[in-house]
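Quick look at data.txt (compact mmCIF, C-alpha atoms):
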```txt
# COMPACT_ATOMS: atom_id res chain seq x y z
CA MET A 117 21.37 27.62 9.55
CA ALA A 118 17.99 26.56 8.22
CA VAL A 119 16.63 23.83 5.99
CA LEU A 120 14.28 25.11 3.28
CA VAL A 121 11.45 22.64 2.59
CA THR A 122 9.60 23.37 -0.64
CA GLY A 123 6.13 21.87 -0.71
CA GLY A 124 6.44 21.55 3.06
CA ALA A 125 2.71 21.96 3.67
CA GLY A 126 1.95 18.89 1.57
CA TYR A 127 1.63 15.29 2.70
CA ILE A 128 5.23 14.02 2.68
CA GLY A 129 6.64 17.52 3.10
CA SER A 130 4.74 18.17 6.33
CA HIS A 131 5.86 14.84 7.78
CA THR A 132 9.45 15.76 6.90
CA VAL A 133 9.03 19.12 8.62
CA ALA A 134 7.83 17.21 11.70
CA ALA A 135 10.90 14.95 11.54
CA LEU A 136 13.21 17.95 11.24
CA LEU A 137 11.52 19.67 14.20
CA GLU A 138 12.05 16.56 16.31
CA ARG A 139 15.78 16.90 15.59
CA GLY A 140 15.90 20.57 16.54
CA GLU A 141 16.41 21.93 13.02
CA GLU A 142 15.54 25.50 12.01
CA ILE A 143 13.01 25.23 9.19
CA VAL A 144 11.71 27.47 6.40
CA VAL A 145 8.70 26.20 4.43
CA VAL A 146 7.62 27.38 0.98
CA ASP A 147 4.32 26.18 -0.45
CA ASN A 148 1.89 27.64 -2.98
CA MET A 149 -0.98 25.75 -1.27
CA GLN A 150 -2.18 24.01 -4.44
CA GLN A 151 -2.19 20.79 -2.43
CA GLY A 152 -0.75 22.00 0.86
CA HIS A 153 -2.44 22.82 4.16
CA PRO A 154 -1.07 25.50 6.51
CA GLN A 155 -2.40 23.47 9.47
CA ALA A 156 -0.07 20.62 8.51
CA VAL A 157 3.05 22.72 9.17
CA LEU A 158 3.86 22.06 12.82
CA GLY A 159 6.62 24.63 13.13
CA GLY A 160 9.20 26.78 11.41
CA LYS A 161 8.65 29.83 9.23
CA LEU A 162 5.99 29.47 6.52
CA TYR A 163 5.98 31.41 3.26
CA GLU A 164 3.03 31.07 0.89
CA GLY A 165 4.19 31.54 -2.69
CA ASP A 166 5.37 29.90 -5.89
CA LEU A 167 8.90 28.84 -6.83
CA ARG A 168 8.39 30.36 -10.27
CA ASP A 169 8.00 33.82 -8.72
CA GLU A 170 11.59 35.09 -8.84
CA ALA A 171 11.09 38.06 -6.51
CA PHE A 172 9.29 35.92 -3.94
CA LEU A 173 11.89 33.15 -3.94
CA ASN A 174 14.76 35.64 -3.78
CA GLN A 175 13.10 37.18 -0.71
CA VAL A 176 12.96 33.80 1.01
CA PHE A 177 16.70 33.27 0.48
CA GLU A 178 17.53 36.86 1.44
CA GLU A 179 15.60 36.69 4.72
CA ASN A 180 16.93 33.34 5.92
CA GLU A 181 20.31 31.67 6.36
CA ILE A 182 19.65 28.48 4.39
CA ASP A 183 22.28 25.76 4.10
CA ALA A 184 20.20 22.94 2.58
CA VAL A 185 17.00 22.46 0.60
CA ILE A 186 14.54 19.56 0.56
CA HIS A 187 12.50 19.82 -2.61
CA PHE A 188 8.97 18.35 -2.66
CA ALA A 189 7.08 21.00 -4.64
CA ALA A 190 5.68 19.38 -7.78
CA ASN A 191 2.50 18.24 -9.46
CA SER A 192 2.30 14.46 -9.14
CA LEU A 193 -0.85 12.99 -10.70
CA VAL A 194 0.02 10.42 -13.35
CA GLY A 195 -3.31 10.61 -15.17
CA GLU A 196 -3.37 14.39 -15.22
CA SER A 197 0.21 14.50 -16.49
CA MET A 198 -0.83 12.46 -19.53
CA GLN A 199 -3.60 14.96 -20.29
CA GLN A 200 -1.74 18.17 -19.42
CA PRO A 201 1.99 17.58 -19.91
CA GLY A 202 2.63 21.30 -20.33
CA LYS A 203 1.40 21.97 -16.80
CA TYR A 204 3.85 19.40 -15.46
CA TYR A 205 6.83 20.71 -17.39
CA HIS A 206 6.09 24.28 -16.35
CA ASN A 207 5.51 23.61 -12.66
CA ASN A 208 7.92 20.74 -12.06
CA VAL A 209 10.82 21.40 -14.43
CA TYR A 210 10.71 25.19 -14.69
CA GLY A 211 9.97 25.47 -10.96
CA THR A 212 13.06 23.40 -10.20
CA LEU A 213 15.17 25.52 -12.54
CA CYS A 214 14.05 28.65 -10.67
CA LEU A 215 14.94 27.02 -7.35
CA LEU A 216 18.39 25.89 -8.48
CA GLU A 217 19.18 29.33 -9.90
CA GLN A 218 18.32 30.97 -6.57
CA MET A 219 20.34 28.38 -4.69
CA ASN A 220 23.33 29.12 -6.90
CA LYS A 221 22.84 32.87 -6.53
CA HIS A 222 22.78 32.62 -2.74
CA GLY A 223 25.54 30.03 -2.37
CA VAL A 224 23.38 27.14 -1.16
CA ARG A 225 25.09 23.93 -2.25
CA ARG A 226 22.93 21.06 -0.91
CA ILE A 227 19.57 19.78 -2.13
CA VAL A 228 17.59 16.62 -1.36
CA PHE A 229 15.08 15.84 -4.08
CA SER A 230 11.81 13.97 -3.67
CA SER A 231 11.89 11.93 -6.87
CA THR A 232 9.81 8.92 -7.89
CA ALA A 233 9.89 5.32 -9.03
CA ALA A 234 8.01 6.55 -12.08
CA THR A 235 11.41 7.51 -13.52
CA TYR A 236 11.97 3.81 -14.31
CA GLY A 237 8.78 3.13 -16.25
CA GLU A 238 8.18 -0.56 -16.87
CA PRO A 239 10.98 -2.23 -14.89
CA GLU A 240 13.47 -4.55 -16.55
CA GLN A 241 13.75 -6.51 -13.31
CA VAL A 242 12.07 -6.64 -9.92
CA PRO A 243 13.09 -5.35 -7.48
CA ILE A 244 14.29 -2.24 -9.32
CA ARG A 245 17.85 -1.03 -8.68
CA GLU A 246 19.23 2.47 -9.03
CA GLU A 247 21.40 1.59 -12.03
CA ASP A 248 18.45 0.18 -14.00
CA ARG A 249 17.22 1.84 -17.19
CA THR A 250 15.09 4.97 -16.77
CA LEU A 251 12.35 5.10 -19.39
CA PRO A 252 9.23 6.76 -17.94
CA THR A 253 5.82 5.74 -19.26
CA ASN A 254 4.10 8.97 -18.21
CA ALA A 255 4.78 12.68 -18.33
CA TYR A 256 4.98 12.97 -14.54
CA GLY A 257 7.87 10.49 -14.40
CA GLU A 258 9.52 12.18 -17.37
CA THR A 259 9.49 15.57 -15.62
CA LYS A 260 10.96 14.09 -12.45
CA LEU A 261 13.75 12.49 -14.48
CA ALA A 262 14.37 15.84 -16.19
CA MET A 263 14.63 17.47 -12.77
CA GLU A 264 17.24 14.91 -11.70
CA LYS A 265 19.27 15.53 -14.85
CA MET A 266 19.10 19.27 -14.30
CA MET A 267 20.49 18.83 -10.78
CA ARG A 268 23.35 16.76 -12.14
CA TRP A 269 24.38 19.55 -14.50
CA PHE A 270 24.07 22.18 -11.76
CA ASP A 271 26.42 19.97 -9.75
CA VAL A 272 28.88 19.83 -12.65
CA ALA A 273 28.73 23.58 -13.27
CA HIS A 274 28.21 25.00 -9.78
CA GLY A 275 29.00 22.28 -7.25
CA ILE A 276 25.44 21.97 -5.96
CA LYS A 277 25.39 18.48 -4.46
CA PHE A 278 22.12 16.55 -4.56
CA VAL A 279 20.56 13.38 -3.23
CA SER A 280 17.65 12.12 -5.30
CA LEU A 281 15.29 9.78 -3.45
CA ARG A 282 13.21 7.58 -5.75
CA TYR A 283 10.34 6.02 -3.94
CA PHE A 284 7.06 4.36 -4.47
CA ASN A 285 3.75 4.67 -2.60
CA ALA A 286 3.78 6.80 0.54
CA ALA A 287 1.05 5.97 3.04
CA GLY A 288 0.10 6.21 6.69
CA ALA A 289 0.03 9.10 9.14
CA HIS A 290 2.20 10.66 11.85
CA ALA A 291 2.17 8.79 15.15
CA GLY A 292 1.18 11.96 16.99
CA GLY A 293 -2.06 12.10 15.01
CA ARG A 294 -1.75 15.79 14.14
CA ILE A 295 -0.96 15.37 10.44
CA GLY A 296 -2.03 12.90 7.78
CA GLU A 297 -2.98 12.51 4.13
CA ASP A 298 -5.49 14.98 2.69
CA HIS A 299 -5.34 15.56 -1.06
CA ARG A 300 -7.97 17.41 -3.10
CA PRO A 301 -8.85 15.43 -5.15
CA GLU A 302 -7.61 12.26 -3.49
CA THR A 303 -5.92 9.85 -5.90
CA HIS A 304 -3.87 7.60 -3.61
CA LEU A 305 -5.15 4.10 -3.05
CA ILE A 306 -5.07 3.73 0.72
CA PRO A 307 -6.94 6.96 1.60
CA ILE A 308 -9.44 6.23 -1.16
CA VAL A 309 -10.04 2.78 0.29
CA LEU A 310 -10.47 4.29 3.76
CA GLN A 311 -12.89 6.90 2.44
CA ALA A 312 -14.98 4.02 1.13
CA ALA A 313 -14.80 2.43 4.57
CA LEU A 314 -16.12 5.69 6.06
CA GLY A 315 -19.00 5.70 3.59
CA GLN A 316 -17.68 8.77 1.77
CA ARG A 317 -17.43 6.82 -1.50
CA PRO A 318 -19.88 4.20 -2.78
CA HIS A 319 -16.98 2.02 -3.98
CA ILE A 320 -13.36 2.12 -5.05
CA SER A 321 -12.26 1.76 -8.65
CA LEU A 322 -9.85 -1.01 -9.57
CA PHE A 323 -8.10 0.23 -12.70
CA GLY A 324 -7.38 -3.00 -14.53
CA ASP A 325 -7.53 -6.58 -13.29
CA ASP A 326 -5.68 -8.15 -16.23
CA TYR A 327 -2.08 -7.15 -15.49
CA ASP A 328 0.67 -9.77 -15.53
CA THR A 329 0.61 -10.12 -11.74
CA PRO A 330 -0.57 -12.96 -9.47
CA ASP A 331 -4.08 -11.56 -9.03
CA GLY A 332 -4.26 -9.28 -12.10
CA SER A 333 -4.07 -5.99 -10.20
CA CYS A 334 -1.10 -3.60 -10.03
CA VAL A 335 1.59 -4.29 -7.45
CA ARG A 336 3.27 -1.47 -5.52
CA ASP A 337 5.78 -1.03 -2.71
CA TYR A 338 4.18 0.89 0.19
CA ILE A 339 6.28 2.90 2.64
CA HIS A 340 5.17 4.66 5.80
CA VAL A 341 5.35 8.41 5.26
CA SER A 342 7.36 8.93 8.47
CA ASP A 343 9.99 6.46 7.25
CA LEU A 344 10.23 8.50 4.05
CA ALA A 345 10.61 11.67 6.11
CA ASP A 346 13.47 10.07 8.06
CA ALA A 347 15.25 9.24 4.79
CA HIS A 348 15.11 12.88 3.68
CA VAL A 349 16.61 14.01 6.98
CA LEU A 350 19.39 11.41 6.72
CA ALA A 351 20.13 12.60 3.17
CA VAL A 352 20.56 16.18 4.40
CA GLN A 353 22.95 14.97 7.08
CA ARG A 354 24.93 13.00 4.50
CA LEU A 355 25.33 16.05 2.26
CA ARG A 356 26.35 18.17 5.24
CA GLY A 357 29.04 15.59 5.87
CA GLY A 358 30.57 16.28 2.46
CA ALA A 359 29.15 13.36 0.48
CA ASP A 360 28.95 13.46 -3.28
CA SER A 361 25.70 13.52 -5.25
CA ALA A 362 23.78 10.24 -5.35
CA VAL A 363 20.52 8.54 -6.22
CA TYR A 364 18.78 6.17 -3.81
CA ASN A 365 15.70 4.00 -4.02
CA LEU A 366 13.48 3.84 -0.95
CA GLY A 367 11.22 0.86 -0.46
CA ASN A 368 10.22 -2.02 1.71
CA GLY A 369 11.24 -4.48 -1.00
CA ARG A 370 7.88 -6.22 -0.77
CA GLY A 371 5.04 -5.45 -3.15
CA PHE A 372 1.33 -5.59 -2.43
CA SER A 373 -1.38 -5.72 -5.08
CA VAL A 374 -4.40 -3.43 -5.09
CA LYS A 375 -6.59 -6.38 -4.18
CA GLU A 376 -4.33 -7.25 -1.23
CA VAL A 377 -4.48 -3.66 0.05
CA VAL A 378 -8.27 -3.66 -0.10
CA GLU A 379 -8.53 -6.97 1.72
CA LEU A 380 -6.16 -5.88 4.48
CA ALA A 381 -8.05 -2.57 4.82
CA ARG A 382 -11.25 -4.55 5.30
CA GLU A 383 -9.58 -6.44 8.14
CA VAL A 384 -8.19 -3.29 9.79
CA THR A 385 -11.41 -1.27 9.54
CA GLY A 386 -13.97 -4.04 9.89
CA CYS A 387 -15.89 -2.37 7.07
CA GLU A 388 -17.25 -3.56 3.75
CA ILE A 389 -15.34 -1.88 0.92
CA PRO A 390 -17.05 -2.37 -2.47
CA VAL A 391 -14.78 -2.62 -5.53
CA ARG A 392 -15.64 -1.81 -9.15
CA VAL A 393 -13.31 -2.94 -11.94
CA GLU A 394 -12.65 -0.26 -14.57
CA ALA A 395 -10.33 0.21 -17.55
CA ARG A 396 -6.58 0.54 -17.06
CA ARG A 397 -5.16 4.03 -16.63
CA ALA A 398 -2.63 5.23 -19.20
CA GLY A 399 0.96 5.04 -18.01
CA ASP A 400 0.50 2.62 -15.09
CA PRO A 401 3.29 -0.02 -14.89
CA ALA A 402 2.20 -3.45 -13.65
CA VAL A 403 4.78 -3.82 -10.86
CA LEU A 404 6.92 -1.28 -9.00
CA VAL A 405 9.00 -2.63 -6.13
CA ALA A 406 12.29 -1.10 -4.98
CA ALA A 407 15.62 -2.52 -3.96
CA SER A 408 16.80 -0.14 -1.23
CA GLU A 409 20.02 -1.78 -0.03
CA ARG A 410 22.06 1.24 -1.13
CA ALA A 411 20.00 3.63 1.00
CA ARG A 412 20.26 1.28 3.94
CA SER A 413 24.04 0.94 3.69
CA GLU A 414 25.01 4.50 2.73
CA LEU A 415 22.29 6.59 4.41
CA GLY A 416 21.81 4.25 7.36
CA TRP A 417 18.08 4.20 6.58
CA GLN A 418 16.02 1.48 8.23
CA PRO A 419 12.23 1.62 7.84
CA ALA A 420 10.79 1.39 11.35
CA ARG A 421 7.16 0.99 10.27
CA ALA A 422 7.47 -1.55 7.47
CA GLY A 423 4.29 -3.57 7.90
CA LEU A 424 1.39 -2.75 5.61
CA ARG A 425 -1.10 -3.46 8.40
CA GLU A 426 0.63 -0.88 10.61
CA ILE A 427 0.67 1.63 7.74
CA ILE A 428 -3.05 1.19 7.06
CA ALA A 429 -3.89 1.29 10.77
CA SER A 430 -2.10 4.63 11.23
CA ALA A 431 -3.92 6.07 8.22
CA TRP A 432 -7.23 4.72 9.51
CA ALA A 433 -6.69 6.44 12.89
CA TRP A 434 -6.11 9.75 11.08
CA HIS A 435 -9.18 9.39 8.86
CA GLN A 436 -11.39 8.39 11.77
CA ALA A 437 -10.26 11.42 13.79
CA ARG A 438 -10.55 13.79 10.83
CA PRO A 439 -12.99 12.29 8.31
CA HIS A 440 -12.95 15.55 6.37
CA GLY A 441 -9.20 16.04 6.60
CA TYR A 442 -7.89 19.42 7.65
CA GLU A 443 -11.34 20.94 7.24
CA ASP A 444 -12.49 18.89 10.21
CA GLU A 445 -12.10 20.84 13.44
CA ARG A 446 -11.96 17.75 15.64
CA VAL A 447 -8.52 16.70 16.86
```

Is it possible to give me this structure as structure tokens?
Amino acid sequence: MAVLVTGGAGYIGSHTVAALLERGEEIVVVDNMQQGHPQAVLGGKLYEGDLRDEAFLNQVFEENEIDAVIHFAANSLVGESMQQPGKYYHNNVYGTLCLLEQMNKHGVRRIVFSSTAATYGEPEQVPIREEDRTLPTNAYGETKLAMEKMMRWFDVAHGIKFVSLRYFNAAGAHAGGRIGEDHRPETHLIPIVLQAALGQRPHISLFGDDYDTPDGSCVRDYIHVSDLADAHVLAVQRLRGGADSAVYNLGNGRGFSVKEVVELAREVTGCEIPVRVEARRAGDPAVLVAASERARSELGWQPARAGLREIIASAWAWHQARPHGYEDERV
């Protein structure tokens, strides 16, 4: 039996494929290559296509014996979602509906969902717990919450069990050095900072320095991408064991501000990284830090690469080896 990984050629998806391969799983990857890279898929069977294409998705299920799905495929840029909410509802919500309908049609009853801390919006307390209020402040978070709710009703109606993993900022690169973070355009803080260290950007933009935080910049909980991948694999195993549907936060429980990330990156790289303060971005909460005790106790998840210095160092090794990402032919 195979695990279907949607969006498996993307950043977190490809690291999850690597984690599944290390455990001897049979893998099927579906990706429309909007943000994915075929070179990032280290094994398994790769299909290039869109979840919203009914005939294509039906073919994938017909040709493979799939017993579980890990769902990453979604647009995920907060700023863009505020400007083009329709794009996010069509790709994220409708795409998930198409996937769930095919799962139901073909009798696949397990799905692990790559959700987001953006479902909470401005937190009522820090660290954020799974039972806290969900009130997204941007369209991206709203679509992810809608996808979670859809899965709950497919569970009620059809018995499709789900695990939704809400997490914060993924960062770092695979220890083997073969895969890393390469978005076009790049919007994530750590790779942007490292691009500035490489001289590929004249500076980085600090979007707001007047938040209600110790140094005025946004605070986020950073997790190594391989630790996130491990959590998705553990969630599949839990569903295979007959567990009920559940929602889990994933996080280190320790937040770092934008200014702290930049300063640590300067130490790791030994490079000057100029910073320019700009206006706040719409929909950015001041602080997002997760309480992940539930994932640790029920999934048995223990982040093995929890230090921010280690996370940045692994990303720096990837960017040094491939300064132009997957377009760079050097290994």

Quiz prompt | Shortest interatomic distance to Ser280 in chain A - which of A:Arg356, A:His187, A:His206, A:His304, counting only C-alpha atoms | solution =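 With only C-alpha atoms as the atom set, the closest residue is A:His187.
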
Self-check item: Shortest interatomic distance to Ala289 in chain A - which of A:Pro301, A:Gly332, A:Pro307, A:Pro243, counting only C-alpha atoms
Solution: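 Ranked by minimum distance to Ala289 in chain A, first place goes to A:Pro307.
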
Proximity check range 238-354 of chain A to range 406-425 of chain A, 7 Å, nearest pairs one decimal Å, all atoms listed in the file, as a tab-separated table:
```
residue	atom	partner	partner_atom	distance
A:Pro243	CA	A:Ala406	CA	5.0
A:Ile244	CA	A:Ala406	CA	4.9
A:Arg245	CA	A:Ala407	CA	5.4
A:Asp337	CA	A:Ala406	CA	6.9
A:Ile339	CA	A:Ala422	CA	6.7
A:His340	CA	A:Arg421	CA	6.1
A:Asp343	CA	A:Pro419	CA	5.4
A:Ala347	CA	A:Trp417	CA	6.1
A:Leu350	CA	A:Leu415	CA	6.1
A:Ala351	CA	A:Leu415	CA	6.5
A:Arg354	CA	A:Leu415	CA	6.9
```

Exercise. Quote the spacing between CA of Ala273 in chain A and CA of Val363 in chain A in Å to one decimal place.
Key: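 Answer for the CA of Ala273 in chain A to CA of Val363 in chain A separation: 18.5 Å.
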
Quiz prompt | Nearest to Leu120 in chain A by atom-to-atom distance, counting only C-alpha atoms, from A:Met198, A:Phe229, A:Leu193, A:Gln155 | solution = A:Phe229

Any chance you could tabulate, as a tab-separated table, the residues of range 318-352 of chain A at most 10 Å from range 136-147 of chain A with each one's nearest atom pair and distance in Å to one decimal, using all atoms listed in the file, in chain and rising number order?
```
residue	atom	partner	partner_atom	distance
A:Ala345	CA	A:Leu136	CA	8.5
A:Asp346	CA	A:Leu136	CA	8.5
A:His348	CA	A:Leu136	CA	9.3
A:Val349	CA	A:Leu136	CA	6.7
```

Quiz item: Near range 382-384 of chain A, within 10 Å and counting all atoms listed in the file, which residues show up once chain neighbours fewer than 2 positions away are dropped, as a PyMOL selection string?
Solution: chain A and resi 309-310+313+376-380+386-390+425-426+428-429+432

Quiz prompt | Shell around range 435-444 of chain A at 8 Å using all atoms listed in the file, local window under 4 positions removed, as a PyMOL selection string | solution = chain A and resi 153+155-156+296-298+307+310-311+314+431

Self-check item: Which of A:Ile186, A:Ala286, A:Met117, A:Ala234 sits closest to Ile306 in chain A [using only C-alpha atoms]
Solution: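 When distances to Ile306 in chain A are compared using only C-alpha atoms, the smallest one comes from A:Ala286.
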
Quiz prompt | Selection: 10 Å around range 320-327 of chain A, only C-alpha atoms, excl. self and same-chain fewer than 4 positions, as a list in words | solution =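 Everything that qualifies: Leu305, Ile308, Val309, Leu310, Gln311, Ala312, Ala313, Asp331, Gly332, Ser333, Cys334, Val335, Val374, Lys375, Val378, Ile389, Pro390, Val391, Arg392, Val393, Glu394, Ala395, Arg396, Arg397, Ala398, Asp400, Pro401, Ala402 and Val403 of chain A.
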
Quiz item: Mind pulling up the distance from CA of Asn254 in chain A to CA of Gln200 in chain A?
Solution: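 Distance between the two atoms: 11.0 Å.
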
Quiz item: Around (13.2, 26.1, -4.7) in the file's own coordinates, what residues are found within 8 Å if you use only C-alpha atoms, given back as a PyMOL selection string?
Solution: chain A and resi 122+167+173+185+187+189+211-212+214-216+218-219

Exercise. To one decimal in Å, tell me the separation between CA of Glu238 in chain A and CA of Val352 in chain A.
Key: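 So the two atoms, CA of Glu238 in chain A and CA of Val352 in chain A, lie 29.8 Å apart.
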
Practice problem: Please provide as an NGL selection string all residues within 12 Å of Thr232 in chain A, with the sequence filter that same-chain residues fewer than 2 positions apart are discarded (counting all atoms listed in the file). | Solution: :A and (188 or 190-194 or 229-230 or 234-237 or 246 or 250 or 252 or 254 or 256-264 or 280-286 or 337 or 344 or 363-367 or 404-406)

Quiz item: Smallest atom-to-atom distance to Lys161 in chain A: which of A:Gln175, A:Thr303, A:Ser197, A:Asn180, using all atoms listed in the file?
Solution: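 Distance minimum relative to Lys161 in chain A lands on A:Asn180.
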